[in-house]
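Asks: I am sharing work.cif, which consists of mmCIF, C-alpha atoms (C1' of nucleotides):
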data_final
loop_
_atom_site.group_PDB
_atom_site.id
_atom_site.type_symbol
_atom_site.label_atom_id
_atom_site.label_comp_id
_atom_site.auth_asym_id
_atom_site.auth_seq_id
_atom_site.Cartn_x
_atom_site.Cartn_y
_atom_site.Cartn_z
ATOM 1 C CA MET A 1 7.299 -50.704 27.173
ATOM 2 C CA PRO A 2 5.348 -47.860 28.558
ATOM 3 C CA GLU A 3 5.778 -44.719 26.544
ATOM 4 C CA LEU A 4 4.786 -41.185 27.415
ATOM 5 C CA PRO A 5 0.998 -41.726 27.139
ATOM 6 C CA GLU A 6 1.145 -44.732 29.462
ATOM 7 C CA VAL A 7 3.175 -42.853 32.028
ATOM 8 C CA GLU A 8 0.765 -39.926 31.833
ATOM 9 C CA THR A 9 -2.109 -42.365 32.366
ATOM 10 C CA ILE A 10 -0.331 -43.660 35.450
ATOM 11 C CA ARG A 11 0.312 -40.140 36.688
ATOM 12 C CA ARG A 12 -3.350 -39.257 36.408
ATOM 13 C CA GLY A 13 -4.420 -42.476 38.095
ATOM 14 C CA LEU A 14 -2.056 -42.002 40.993
ATOM 15 C CA GLU A 15 -3.105 -38.390 41.350
ATOM 16 C CA LYS A 16 -6.645 -39.606 41.743
ATOM 17 C CA PHE A 17 -6.048 -42.536 44.094
ATOM 18 C CA VAL A 18 -2.747 -42.028 45.893
ATOM 19 C CA LEU A 19 -2.189 -38.275 46.265
ATOM 20 C CA GLY A 20 -1.976 -37.206 49.912
ATOM 21 C CA LYS A 21 -1.457 -40.707 51.281
ATOM 22 C CA ARG A 22 1.256 -41.238 53.876
ATOM 23 C CA ILE A 23 3.832 -43.957 53.222
ATOM 24 C CA ALA A 24 4.035 -46.276 56.233
ATOM 25 C CA ASP A 25 6.645 -48.634 54.821
ATOM 26 C CA VAL A 26 8.612 -49.546 51.715
ATOM 27 C CA LYS A 27 9.333 -53.194 50.947
ATOM 28 C CA ILE A 28 12.269 -53.779 48.633
ATOM 29 C CA LEU A 29 12.173 -57.248 47.123
ATOM 30 C CA CYS A 30 14.859 -56.551 44.524
ATOM 31 C CA GLU A 31 17.770 -54.270 45.468
ATOM 32 C CA LYS A 32 18.483 -53.378 41.858
ATOM 33 C CA SER A 33 15.008 -51.884 41.453
ATOM 34 C CA PHE A 34 15.340 -49.333 44.256
ATOM 35 C CA ARG A 35 18.070 -46.689 44.348
ATOM 36 C CA GLY A 36 18.826 -44.455 47.302
ATOM 37 C CA ASP A 37 17.725 -44.446 50.914
ATOM 38 C CA ALA A 38 14.191 -45.561 51.738
ATOM 39 C CA HIS A 39 14.417 -43.754 55.098
ATOM 40 C CA PHE A 40 13.813 -40.446 53.355
ATOM 41 C CA VAL A 41 10.535 -41.844 52.050
ATOM 42 C CA ILE A 42 9.059 -43.704 54.993
ATOM 43 C CA GLY A 43 6.647 -41.603 57.023
ATOM 44 C CA GLN A 44 6.270 -39.035 54.234
ATOM 45 C CA LYS A 45 3.062 -37.856 52.673
ATOM 46 C CA ILE A 46 2.815 -37.739 48.865
ATOM 47 C CA LYS A 47 2.531 -34.147 47.793
ATOM 48 C CA ARG A 48 2.584 -34.208 44.012
ATOM 49 C CA PHE A 49 2.839 -36.416 40.919
ATOM 50 C CA ASP A 50 4.713 -34.996 37.957
ATOM 51 C CA ARG A 51 6.032 -36.367 34.689
ATOM 52 C CA LYS A 52 8.900 -35.531 32.353
ATOM 53 C CA GLY A 53 8.895 -37.585 29.176
ATOM 54 C CA LYS A 54 8.621 -41.209 30.288
ATOM 55 C CA ALA A 55 9.845 -40.444 33.824
ATOM 56 C CA LEU A 56 7.339 -40.245 36.661
ATOM 57 C CA LEU A 57 8.261 -37.877 39.502
ATOM 58 C CA ILE A 58 6.773 -38.147 42.957
ATOM 59 C CA GLN A 59 7.278 -35.258 45.372
ATOM 60 C CA LEU A 60 7.173 -35.882 49.117
ATOM 61 C CA GLU A 61 6.380 -33.364 51.826
ATOM 62 C CA ASN A 62 9.990 -33.317 53.081
ATOM 63 C CA GLY A 63 11.202 -32.053 49.699
ATOM 64 C CA PHE A 64 12.593 -35.382 48.549
ATOM 65 C CA TRP A 65 11.469 -36.978 45.310
ATOM 66 C CA MET A 66 11.155 -40.436 43.833
ATOM 67 C CA MET A 67 11.811 -40.833 40.154
ATOM 68 C CA VAL A 68 10.158 -43.902 38.628
ATOM 69 C CA HIS A 69 11.223 -45.193 35.255
ATOM 70 C CA LEU A 70 9.291 -48.229 33.996
ATOM 71 C CA ARG A 71 11.623 -48.956 31.068
ATOM 72 C CA MET A 72 10.436 -52.048 29.171
ATOM 73 C CA THR A 73 8.260 -54.033 31.561
ATOM 74 C CA GLY A 74 7.486 -51.833 34.566
ATOM 75 C CA GLN A 75 3.976 -51.343 35.873
ATOM 76 C CA LEU A 76 2.414 -49.680 38.883
ATOM 77 C CA ILE A 77 -0.587 -51.232 40.571
ATOM 78 C CA PHE A 78 -2.572 -49.566 43.311
ATOM 79 C CA ILE A 79 -4.785 -51.763 45.429
ATOM 80 C CA GLY A 80 -7.169 -50.300 47.950
ATOM 81 C CA ASP A 81 -10.935 -49.882 47.822
ATOM 82 C CA ASP A 82 -10.319 -48.868 44.234
ATOM 83 C CA LYS A 83 -7.816 -50.633 42.030
ATOM 84 C CA PHE A 84 -5.717 -49.087 39.336
ATOM 85 C CA ALA A 85 -2.991 -50.525 37.124
ATOM 86 C CA ALA A 86 -1.038 -49.176 34.193
ATOM 87 C CA GLY A 87 2.246 -49.702 32.439
ATOM 88 C CA HIS A 88 3.265 -53.066 31.101
ATOM 89 C CA PRO A 89 0.000 -54.799 30.090
ATOM 90 C CA ASP A 90 0.816 -58.187 31.691
ATOM 91 C CA GLY A 91 -0.651 -59.379 34.948
ATOM 92 C CA GLY A 92 -2.932 -56.662 36.172
ATOM 93 C CA PHE A 93 -5.222 -57.889 38.905
ATOM 94 C CA THR A 94 -5.157 -61.537 37.968
ATOM 95 C CA GLU A 95 -2.228 -62.201 40.276
ATOM 96 C CA GLU A 96 -2.041 -61.870 44.022
ATOM 97 C CA MET A 97 0.107 -58.949 45.102
ATOM 98 C CA PRO A 98 2.969 -58.960 45.782
ATOM 99 C CA GLY A 99 3.452 -61.215 42.775
ATOM 100 C CA ARG A 100 6.261 -62.962 41.018
ATOM 101 C CA HIS A 101 7.377 -59.737 39.360
ATOM 102 C CA THR A 102 6.852 -57.355 42.256
ATOM 103 C CA ARG A 103 10.188 -55.631 42.943
ATOM 104 C CA VAL A 104 9.164 -52.892 45.365
ATOM 105 C CA TYR A 105 5.952 -51.994 47.125
ATOM 106 C CA PHE A 106 4.655 -49.239 49.329
ATOM 107 C CA GLU A 107 2.340 -49.664 52.243
ATOM 108 C CA PHE A 108 0.273 -46.614 53.067
ATOM 109 C CA GLU A 109 -0.922 -45.589 56.492
ATOM 110 C CA ASP A 110 -4.516 -46.435 55.564
ATOM 111 C CA GLY A 111 -3.603 -50.040 54.680
ATOM 112 C CA THR A 112 -3.672 -49.627 50.892
ATOM 113 C CA HIS A 113 -0.700 -50.604 48.700
ATOM 114 C CA LEU A 114 1.161 -49.506 45.602
ATOM 115 C CA TYR A 115 3.145 -52.219 43.803
ATOM 116 C CA PHE A 116 6.010 -51.731 41.378
ATOM 117 C CA ASN A 117 6.205 -54.807 39.147
ATOM 118 C CA ASP A 118 8.925 -55.243 36.555
ATOM 119 C CA GLN A 119 9.631 -58.547 34.831
ATOM 120 C CA ARG A 120 12.965 -57.632 33.276
ATOM 121 C CA LYS A 121 14.295 -55.403 36.094
ATOM 122 C CA PHE A 122 15.326 -52.615 33.713
ATOM 123 C CA GLY A 123 13.091 -50.129 35.503
ATOM 124 C CA PHE A 124 13.765 -48.515 38.864
ATOM 125 C CA ILE A 125 12.574 -46.218 41.594
ATOM 126 C CA ALA A 126 15.178 -43.682 42.729
ATOM 127 C CA VAL A 127 15.033 -41.550 45.871
ATOM 128 C CA MET A 128 16.423 -38.125 45.076
ATOM 129 C CA ASP A 129 16.903 -34.788 46.788
ATOM 130 C CA GLU A 130 16.338 -31.492 44.967
ATOM 131 C CA LEU A 131 19.944 -31.290 43.815
ATOM 132 C CA SER A 132 20.200 -34.805 42.431
ATOM 133 C CA LEU A 133 16.903 -34.270 40.630
ATOM 134 C CA ALA A 134 18.124 -30.986 39.156
ATOM 135 C CA THR A 135 21.370 -32.561 37.962
ATOM 136 C CA ASP A 136 20.107 -35.976 36.921
ATOM 137 C CA PRO A 137 21.760 -36.886 33.585
ATOM 138 C CA PHE A 138 18.607 -38.337 32.026
ATOM 139 C CA LEU A 139 16.407 -35.407 32.998
ATOM 140 C CA THR A 140 18.896 -32.678 32.142
ATOM 141 C CA LYS A 141 19.496 -34.104 28.663
ATOM 142 C CA LEU A 142 15.821 -34.813 27.993
ATOM 143 C CA ALA A 143 14.493 -32.946 24.937
ATOM 144 C CA PRO A 144 11.072 -31.183 24.872
ATOM 145 C CA GLU A 145 7.927 -33.220 24.331
ATOM 146 C CA PRO A 146 6.505 -33.041 20.772
ATOM 147 C CA TRP A 147 3.769 -30.514 21.567
ATOM 148 C CA TYR A 148 6.322 -28.099 23.032
ATOM 149 C CA MET A 149 8.541 -28.351 19.981
ATOM 150 C CA LYS A 150 8.071 -25.903 17.114
ATOM 151 C CA PRO A 151 8.440 -27.241 13.571
ATOM 152 C CA ASP A 152 11.565 -25.073 13.220
ATOM 153 C CA ASP A 153 13.105 -26.656 16.336
ATOM 154 C CA PHE A 154 12.260 -30.152 15.140
ATOM 155 C CA TRP A 155 13.774 -29.437 11.739
ATOM 156 C CA ALA A 156 16.911 -27.945 13.302
ATOM 157 C CA MET A 157 17.289 -31.013 15.529
ATOM 158 C CA LEU A 158 16.984 -33.299 12.496
ATOM 159 C CA GLN A 159 19.813 -31.463 10.761
ATOM 160 C CA ARG A 160 22.208 -32.752 13.438
ATOM 161 C CA HIS A 161 21.423 -36.376 12.528
ATOM 162 C CA LYS A 162 21.306 -36.421 8.750
ATOM 163 C CA SER A 163 22.827 -39.845 8.262
ATOM 164 C CA ALA A 164 20.751 -41.690 10.883
ATOM 165 C CA PRO A 165 17.453 -43.476 10.178
ATOM 166 C CA ILE A 166 14.561 -41.210 11.143
ATOM 167 C CA LYS A 167 13.174 -43.784 13.563
ATOM 168 C CA ALA A 168 16.447 -43.957 15.515
ATOM 169 C CA VAL A 169 16.429 -40.167 15.820
ATOM 170 C CA ILE A 170 12.906 -39.854 17.234
ATOM 171 C CA LEU A 171 13.473 -42.763 19.653
ATOM 172 C CA ASP A 172 16.365 -40.874 21.270
ATOM 173 C CA GLN A 173 15.010 -38.984 24.279
ATOM 174 C CA LYS A 174 17.748 -36.367 23.889
ATOM 175 C CA ASN A 175 16.175 -35.404 20.540
ATOM 176 C CA ILE A 176 12.463 -35.494 21.358
ATOM 177 C CA ALA A 177 10.866 -36.700 24.587
ATOM 178 C CA GLY A 178 8.378 -39.472 25.137
ATOM 179 C CA VAL A 179 8.410 -41.282 21.798
ATOM 180 C CA GLY A 180 8.896 -45.058 22.006
ATOM 181 C CA ASN A 181 8.637 -47.946 19.614
ATOM 182 C CA ILE A 182 4.865 -47.746 19.117
ATOM 183 C CA TYR A 183 4.610 -44.041 18.441
ATOM 184 C CA ALA A 184 7.762 -43.960 16.331
ATOM 185 C CA ASP A 185 6.094 -46.457 13.966
ATOM 186 C CA GLU A 186 2.676 -44.806 14.207
ATOM 187 C CA GLY A 187 4.151 -41.351 13.620
ATOM 188 C CA CYS A 188 6.056 -42.509 10.532
ATOM 189 C CA PHE A 189 2.864 -44.105 9.199
ATOM 190 C CA TYR A 190 0.960 -40.868 9.755
ATOM 191 C CA ALA A 191 3.607 -38.939 7.816
ATOM 192 C CA LYS A 192 3.844 -41.658 5.119
ATOM 193 C CA ILE A 193 7.579 -42.052 5.765
ATOM 194 C CA LEU A 194 9.437 -45.379 5.863
ATOM 195 C CA PRO A 195 11.108 -45.538 9.305
ATOM 196 C CA TRP A 196 14.587 -46.434 8.035
ATOM 197 C CA ARG A 197 14.854 -43.434 5.692
ATOM 198 C CA LYS A 198 17.968 -41.383 6.369
ATOM 199 C CA VAL A 199 17.028 -38.000 7.751
ATOM 200 C CA ALA A 200 18.861 -36.340 4.864
ATOM 201 C CA THR A 201 16.219 -37.677 2.450
ATOM 202 C CA LEU A 202 13.331 -36.024 4.304
ATOM 203 C CA SER A 203 11.764 -32.815 3.051
ATOM 204 C CA ARG A 204 10.683 -30.028 5.342
ATOM 205 C CA GLU A 205 7.082 -31.094 4.644
ATOM 206 C CA ASP A 206 7.904 -34.661 5.714
ATOM 207 C CA ALA A 207 9.370 -33.357 8.961
ATOM 208 C CA ASP A 208 6.412 -31.087 9.704
ATOM 209 C CA LEU A 209 3.989 -33.929 9.073
ATOM 210 C CA LEU A 210 5.984 -36.294 11.282
ATOM 211 C CA LEU A 211 5.976 -33.872 14.207
ATOM 212 C CA GLU A 212 2.250 -33.355 13.737
ATOM 213 C CA GLY A 213 1.744 -37.125 13.628
ATOM 214 C CA LEU A 214 3.704 -37.730 16.820
ATOM 215 C CA CYS A 215 1.629 -35.106 18.622
ATOM 216 C CA LYS A 216 -1.631 -36.560 17.346
ATOM 217 C CA VAL A 217 -0.988 -40.241 18.020
ATOM 218 C CA MET A 218 0.365 -39.610 21.498
ATOM 219 C CA GLN A 219 -2.450 -37.245 22.431
ATOM 220 C CA ALA A 220 -5.033 -39.722 21.147
ATOM 221 C CA SER A 221 -3.422 -42.406 23.257
ATOM 222 C CA ILE A 222 -3.454 -40.266 26.378
ATOM 223 C CA ASP A 223 -7.156 -39.598 25.791
ATOM 224 C CA SER A 224 -7.749 -43.315 25.267
ATOM 225 C CA GLY A 225 -5.687 -44.199 28.342
ATOM 226 C CA GLY A 226 -8.137 -42.115 30.296
ATOM 227 C CA SER A 227 -10.983 -44.347 29.239
ATOM 228 C CA THR A 228 -8.878 -47.455 29.813
ATOM 229 C CA MET A 229 -8.313 -46.286 33.359
ATOM 230 C CA LYS A 230 -12.045 -46.325 34.041
ATOM 231 C CA ASP A 231 -12.184 -50.017 33.195
ATOM 232 C CA TYR A 232 -9.368 -50.684 35.590
ATOM 233 C CA VAL A 233 -11.075 -48.719 38.346
ATOM 234 C CA LYS A 234 -13.974 -51.131 38.215
ATOM 235 C CA ALA A 235 -11.539 -53.615 39.735
ATOM 236 C CA ASP A 236 -12.749 -56.457 37.571
ATOM 237 C CA GLY A 237 -9.335 -57.107 36.081
ATOM 238 C CA THR A 238 -10.401 -55.858 32.650
ATOM 239 C CA LYS A 239 -7.451 -55.353 30.371
ATOM 240 C CA GLY A 240 -7.995 -52.124 28.512
ATOM 241 C CA ASN A 241 -6.077 -52.131 25.290
ATOM 242 C CA TYR A 242 -5.739 -48.857 23.464
ATOM 243 C CA LEU A 243 -3.492 -50.480 20.896
ATOM 244 C CA GLU A 244 -6.419 -52.445 19.486
ATOM 245 C CA LYS A 245 -8.440 -49.298 19.327
ATOM 246 C CA PHE A 246 -6.304 -47.134 17.132
ATOM 247 C CA SER A 247 -2.996 -48.742 16.157
ATOM 248 C CA GLN A 248 -2.496 -48.392 12.391
ATOM 249 C CA VAL A 249 0.686 -50.428 12.025
ATOM 250 C CA PHE A 250 2.043 -51.480 15.418
ATOM 251 C CA ARG A 251 1.560 -55.257 15.843
ATOM 252 C CA ARG A 252 -0.671 -55.303 12.755
ATOM 253 C CA GLU A 253 1.758 -57.230 10.515
ATOM 254 C CA GLY A 254 -0.145 -59.426 8.079
ATOM 255 C CA LEU A 255 -3.301 -57.299 8.380
ATOM 256 C CA GLU A 256 -4.704 -54.850 5.865
ATOM 257 C CA CYS A 257 -3.614 -51.230 5.970
ATOM 258 C CA ARG A 258 -6.596 -49.134 7.033
ATOM 259 C CA ARG A 259 -5.500 -46.398 4.644
ATOM 260 C CA CYS A 260 -4.580 -48.215 1.417
ATOM 261 C CA GLY A 261 -5.419 -51.890 1.949
ATOM 262 C CA ALA A 262 -1.866 -53.209 1.445
ATOM 263 C CA GLU A 263 -0.526 -55.804 3.868
ATOM 264 C CA ILE A 264 1.284 -54.358 6.896
ATOM 265 C CA GLN A 265 4.861 -55.626 7.170
ATOM 266 C CA LYS A 266 7.301 -56.051 10.011
ATOM 267 C CA THR A 267 11.061 -55.645 9.814
ATOM 268 C CA ARG A 268 13.923 -54.363 11.961
ATOM 269 C CA THR A 269 15.232 -50.808 12.182
ATOM 270 C CA ALA A 270 17.461 -49.171 14.769
ATOM 271 C CA GLY A 271 17.586 -52.510 16.590
ATOM 272 C CA ARG A 272 13.823 -52.536 17.116
ATOM 273 C CA GLY A 273 10.867 -54.343 15.610
ATOM 274 C CA THR A 274 9.443 -51.951 13.026
ATOM 275 C CA HIS A 275 5.982 -52.003 11.458
ATOM 276 C CA TYR A 276 5.085 -50.230 8.240
ATOM 277 C CA CYS A 277 2.780 -50.188 5.253
ATOM 278 C CA PRO A 278 4.591 -50.873 1.955
ATOM 279 C CA GLY A 279 1.646 -49.359 0.079
ATOM 280 C CA CYS A 280 1.461 -45.860 1.475
ATOM 281 C CA GLN A 281 4.766 -45.162 3.234
ATOM 282 C CA GLU A 282 7.827 -44.253 1.159
ATOM 283 C "C1'" DC B 283 30.283 -34.645 18.039
ATOM 284 C "C1'" DT B 284 27.411 -38.710 15.703
ATOM 285 C "C1'" DA B 285 26.176 -43.717 14.543
ATOM 286 C "C1'" DG B 286 25.712 -48.461 15.475
ATOM 287 C "C1'" DG B 287 25.972 -52.452 18.190
ATOM 288 C "C1'" DA B 288 26.238 -54.867 22.671
ATOM 289 C "C1'" DT B 289 24.319 -54.985 27.092
ATOM 290 C "C1'" DC B 290 21.335 -55.050 31.333
ATOM 291 C "C1'" DC B 291 17.254 -59.092 32.788
ATOM 292 C "C1'" DT B 292 13.391 -62.493 32.614
ATOM 293 C "C1'" DG B 293 10.026 -64.882 30.067
ATOM 294 C "C1'" DT B 294 7.732 -66.701 26.012
ATOM 295 C "C1'" DC B 295 7.373 -68.606 21.679
ATOM 296 C "C1'" DA B 296 8.780 -70.766 17.158
ATOM 297 C "C1'" DG B 297 11.518 -74.272 15.216
ATOM 298 C "C1'" DC B 298 14.164 -78.263 15.393
ATOM 299 C "C1'" DT C 299 9.785 -83.299 25.705
ATOM 300 C "C1'" DG C 300 13.903 -80.491 25.674
ATOM 301 C "C1'" DC C 301 16.968 -77.368 23.695
ATOM 302 C "C1'" DT C 302 18.140 -73.022 21.126
ATOM 303 C "C1'" DG C 303 17.779 -68.636 19.375
ATOM 304 C "C1'" DA C 304 15.021 -64.590 18.549
ATOM 305 C "C1'" DC C 305 12.545 -61.175 20.434
ATOM 306 C "C1'" DA C 306 10.354 -57.832 23.758
ATOM 307 C "C1'" DG C 307 6.103 -50.475 24.104
ATOM 308 C "C1'" DG C 308 13.964 -48.623 27.043
ATOM 309 C "C1'" DA C 309 18.162 -46.455 27.734
ATOM 310 C "C1'" DT C 310 23.181 -46.614 28.480
ATOM 311 C "C1'" DC C 311 27.795 -47.744 27.498
ATOM 312 C "C1'" DC C 312 31.438 -48.630 24.411
ATOM 313 C "C1'" DT C 313 33.702 -48.387 20.047
ATOM 314 C "C1'" DA C 314 34.752 -46.458 15.539
#
Let's see the structure in the file written out as structure tokens.

Replies:
Amino acid sequence: MPELPEVETIRRGLEKFVLGKRIADVKILCEKSFRGDAHFVIGQKIKRFDRKGKALLIQLENGFWMMVHLRMTGQLIFIGDDKFAAGHPDGGFTEEMPGRHTRVYFEFEDGTHLYFNDQRKFGFIAVMDELSLATDPFLTKLAPEPWYMKPDDFWAMLQRHKSAPIKAVILDQKNIAGVGNIYADEGCFYAKILPWRKVATLSREDADLLLEGLCKVMQASIDSGGSTMKDYVKADGTKGNYLEKFSQVFRREGLECRRCGAEIQKTRTAGRGTHYCPGCQE
DNA sequence: CTAGGATCCTGTCAGC
DNA sequence: TGCTGACAGGATCCTA
């Protein structure tokens, strides 16, 4: 579920609360959720948190890395004097940790913990050396994030997928990085494009507007995630919800369009639930 | 090469 | 109540 803005929110939170901590132990409760050798991680200090698209990268002082991908239902929860959670919106601090969905957790030297929870087990943490990171198939094929893509590049990319629905194209991380189901729908709404339109039917203006929309909705969400994080830091279990704050179509089926007043609809495109306004998208 | 569908896994919810 | 199928903020694998 977490898309780029969620992962960036996590990255910032971890940078604030976990950077520099030394990992005393790693508990693996689900083998599938942890790839590679935990021995390269135990005893190491966390040197840096980075992010590429939806992938979180953690650099250790010995030069090894951990790549975390949350996929659909992953979340990271830090519990110490401060508490911080982000990712999949379920659970949070209501459960005892480790909980029913905890797959892996880290114990730091100072007694604090970082939990990786993942209901559906699609996500993972992978221990990687420099070479495996540099040659990782997902990372090497990952396209630029929207704000690093020029309108010309975006347009050129679209020309390679003329017969696909536009939503399917922007969901593919090899085409543009970080867009998921929420921002695909929100971006199409911004550009007034129906998500199932074949790319061939889009004008250059449509494409420019869509790229602009993707940049804007994702940046707004990152900014909002920042304020959500503050609520979490208060450790009161508050569920910040940036969707409520500025979603125009996502999970608003049956409600009025904020732009034209028509009723937001939900259908299926590219195998995913798809939200749109029949009044102002075409 | 692209496009589309099945698949990984667990949980919840609507409908019978 | 119990069963069944659909669906879920993702990405890969397989087939055509």

Asks: Considering all atoms listed in the file, return as an MDAnalysis selection string whatever protein or nucleic-acid residues lie within 8 Å of region 74-78 of chain A, sequence-local ones (same chain, fewer than 2 positions apart) excluded.

Replies: chainID A and resid 1:2 10 14 17:18 69:72 80 82:89 92 112:119 121:123

Asks: Taking all atoms listed in the file into account, report as a compact mmCIF listing (two decimals) with C-alpha atoms (C1' of nucleotides), in the frame of the given file which residues of chain C lie within 8 Å of chain A.

Replies:
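Below you can see part-v1.txt, which holds the result:
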# COMPACT_ATOMS: atom_id res chain seq x y z
C1' DA C 306 10.35 -57.83 23.76
C1' DG C 307 6.10 -50.48 24.10
C1' DG C 308 13.96 -48.62 27.04
C1' DA C 309 18.16 -46.46 27.73

Asks: Rounded to one decimal, what separation in Å do you get between CA of Lys266 (chain A) and CA of Asp185 (chain A)?

Replies: 10.4 Å

Asks: Would you pick out the contacts of Glu282 (chain A) at 12 Å or less, using all atoms listed in the file, so that residues sharing its chain but fewer than 5 positions from it are not included, and give the list as an mmCIF file with C-alpha atoms, in the coordinates of the input?

Replies:
data_model
loop_
_atom_site.group_PDB
_atom_site.id
_atom_site.type_symbol
_atom_site.label_atom_id
_atom_site.label_comp_id
_atom_site.auth_asym_id
_atom_site.auth_seq_id
_atom_site.Cartn_x
_atom_site.Cartn_y
_atom_site.Cartn_z
ATOM 1 C CA CYS A 188 6.056 -42.509 10.532
ATOM 2 C CA PHE A 189 2.864 -44.105 9.199
ATOM 3 C CA TYR A 190 0.960 -40.868 9.755
ATOM 4 C CA ALA A 191 3.607 -38.939 7.816
ATOM 5 C CA LYS A 192 3.844 -41.658 5.119
ATOM 6 C CA ILE A 193 7.579 -42.052 5.765
ATOM 7 C CA LEU A 194 9.437 -45.379 5.863
ATOM 8 C CA PRO A 195 11.108 -45.538 9.305
ATOM 9 C CA TRP A 196 14.587 -46.434 8.035
ATOM 10 C CA ARG A 197 14.854 -43.434 5.692
ATOM 11 C CA LYS A 198 17.968 -41.383 6.369
ATOM 12 C CA THR A 201 16.219 -37.677 2.450
ATOM 13 C CA LEU A 202 13.331 -36.024 4.304
ATOM 14 C CA ASP A 206 7.904 -34.661 5.714
ATOM 15 C CA TYR A 276 5.085 -50.230 8.240
ATOM 16 C CA CYS A 277 2.780 -50.188 5.253
#

Asks: Give me the result of the PyMOL selection byres ((chain B) within 9 of (chain A)) on this file, residue by residue, as a ChimeraX atom specification.

Replies: /B:284-287,290-293

Asks: What is the distance between CA of Ala38 (chain A) and CA of Asp50 (chain A), in Å to one decimal?

Replies: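 Those two atoms sit 19.8 Å apart.
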
Asks: Pick out the residues sitting within 9 Å of Leu255 (chain A), and hand them over as a VMD selection string; count only C-alpha atoms (C1' of nucleotides), and ignore anything fewer than 4 positions along from it in its own chain.

Replies: chain A and resid 249 261 to 265

Asks: Rounded to one decimal place, report the CA of Gly36 (chain A)-CA of Met97 (chain A) distance in Å.

Replies: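 So the two atoms, CA of Gly36 (chain A) and CA of Met97 (chain A), lie 23.8 Å apart.
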
Asks: Name the residues that the PyMOL selection byres ((chain A and resi 247) around 10) picks from the file above, as a ChimeraX atom specification, using the file's chain letters and numbers.

Replies: /A:182-183,185-186,217,221,242-246,248-252,258

Asks: List the residues selected by the PyMOL selection byres ((chain C and resi 304) around 12) in the file shown, writing them as a PDB file with C-alpha atoms (C1' of nucleotides), in the coordinates of the input.

Replies:
ATOM      1  CA  GLY A 273      10.867 -54.343  15.610  1.00  0.00           C
TER       2      GLY A 273
ATOM      3  C1'  DT B 294       7.732 -66.701  26.012  1.00  0.00           C
ATOM      4  C1'  DC B 295       7.373 -68.606  21.679  1.00  0.00           C
ATOM      5  C1'  DA B 296       8.780 -70.766  17.158  1.00  0.00           C
ATOM      6  C1'  DG B 297      11.518 -74.272  15.216  1.00  0.00           C
TER       7       DG B 297
ATOM      8  C1'  DT C 302      18.140 -73.022  21.126  1.00  0.00           C
ATOM      9  C1'  DG C 303      17.779 -68.636  19.375  1.00  0.00           C
ATOM     10  C1'  DC C 305      12.545 -61.175  20.434  1.00  0.00           C
ATOM     11  C1'  DA C 306      10.354 -57.832  23.758  1.00  0.00           C
TER      12       DA C 306
END
